[in-house]
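**Q** Right, I'll just put the structure down here and ask away after.
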Amino acid sequence: MPEEAHQQLQCLCQHLHLLAELSQPEILNPDHLILPRAGLTHCFNQLAEAADRIVAGAAFRSV
């Protein structure tokens, strides 16, 4: 896997961990930021598009 793709995957993973934390019920983290469902939807769509670009780039390079 190219270094750039690896770095992009690491960034994607960090973003997913952050969203998982922000998505926890308020009772588990009462002091954390609460994102509305529409905001989470937008974030997950952006991350899915980033994953698509990473996969497409890695697949293109390996051919």
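Residues are referred to by chain and number: the chain letter is A, B, ... according to the order shown in the structure tokens, the number counts from 1 in that chain, and ligands are numbered separately from 1 in the order shown.
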Which residues are close to A:Leu12, i.e. within 10 Å by only C-alpha atoms, leaving aside same-chain residues fewer than 2 positions away? Reply as a list of chain:residue names.

**A**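 Listing them by chain and then by number gives A:His6, A:Gln7, A:Gln8, A:Leu9, A:Gln10, A:Gln14, A:His15, A:Leu16, A:His17, A:Leu18, A:Leu47, A:Ala48, A:Ala50, A:Ala51, A:Ile54.
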
**Q** Quick one: residues within 8 Å of A:Leu35, only C-alpha atoms counted, chain neighbours fewer than 3 positions away excluded, as a list of chain:residue names?

**A**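 The residues satisfying every condition are A:Leu22, A:Ser23, A:Gly39, A:Leu40.
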
**Q** With C-alpha atoms retained, write the just-selected residues as a PDB file, in the first residue's frame.

**A**
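The result, stored in out31.pdb:
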ATOM      1  CA  LEU A  22     -19.491  11.639  19.755  1.00  0.00           C
ATOM      2  CA  SER A  23     -22.258   9.178  18.922  1.00  0.00           C
ATOM      3  CA  GLY A  39     -24.640  16.280  11.398  1.00  0.00           C
ATOM      4  CA  LEU A  40     -23.599  12.679  11.930  1.00  0.00           C
TER       5      LEU A  40
END

**Q** So how many Å separate atom CA of A:Glu26 and atom CA of A:Cys43, to one decimal?

**A**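 It comes out at 18.7 Å.
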
**Q** Give the helix (DSSP H, G or I) residues of chain A, as assigned by DSSP on the backbone, as a PyMOL selection string.

**A** chain A and resi 3-22+37-62
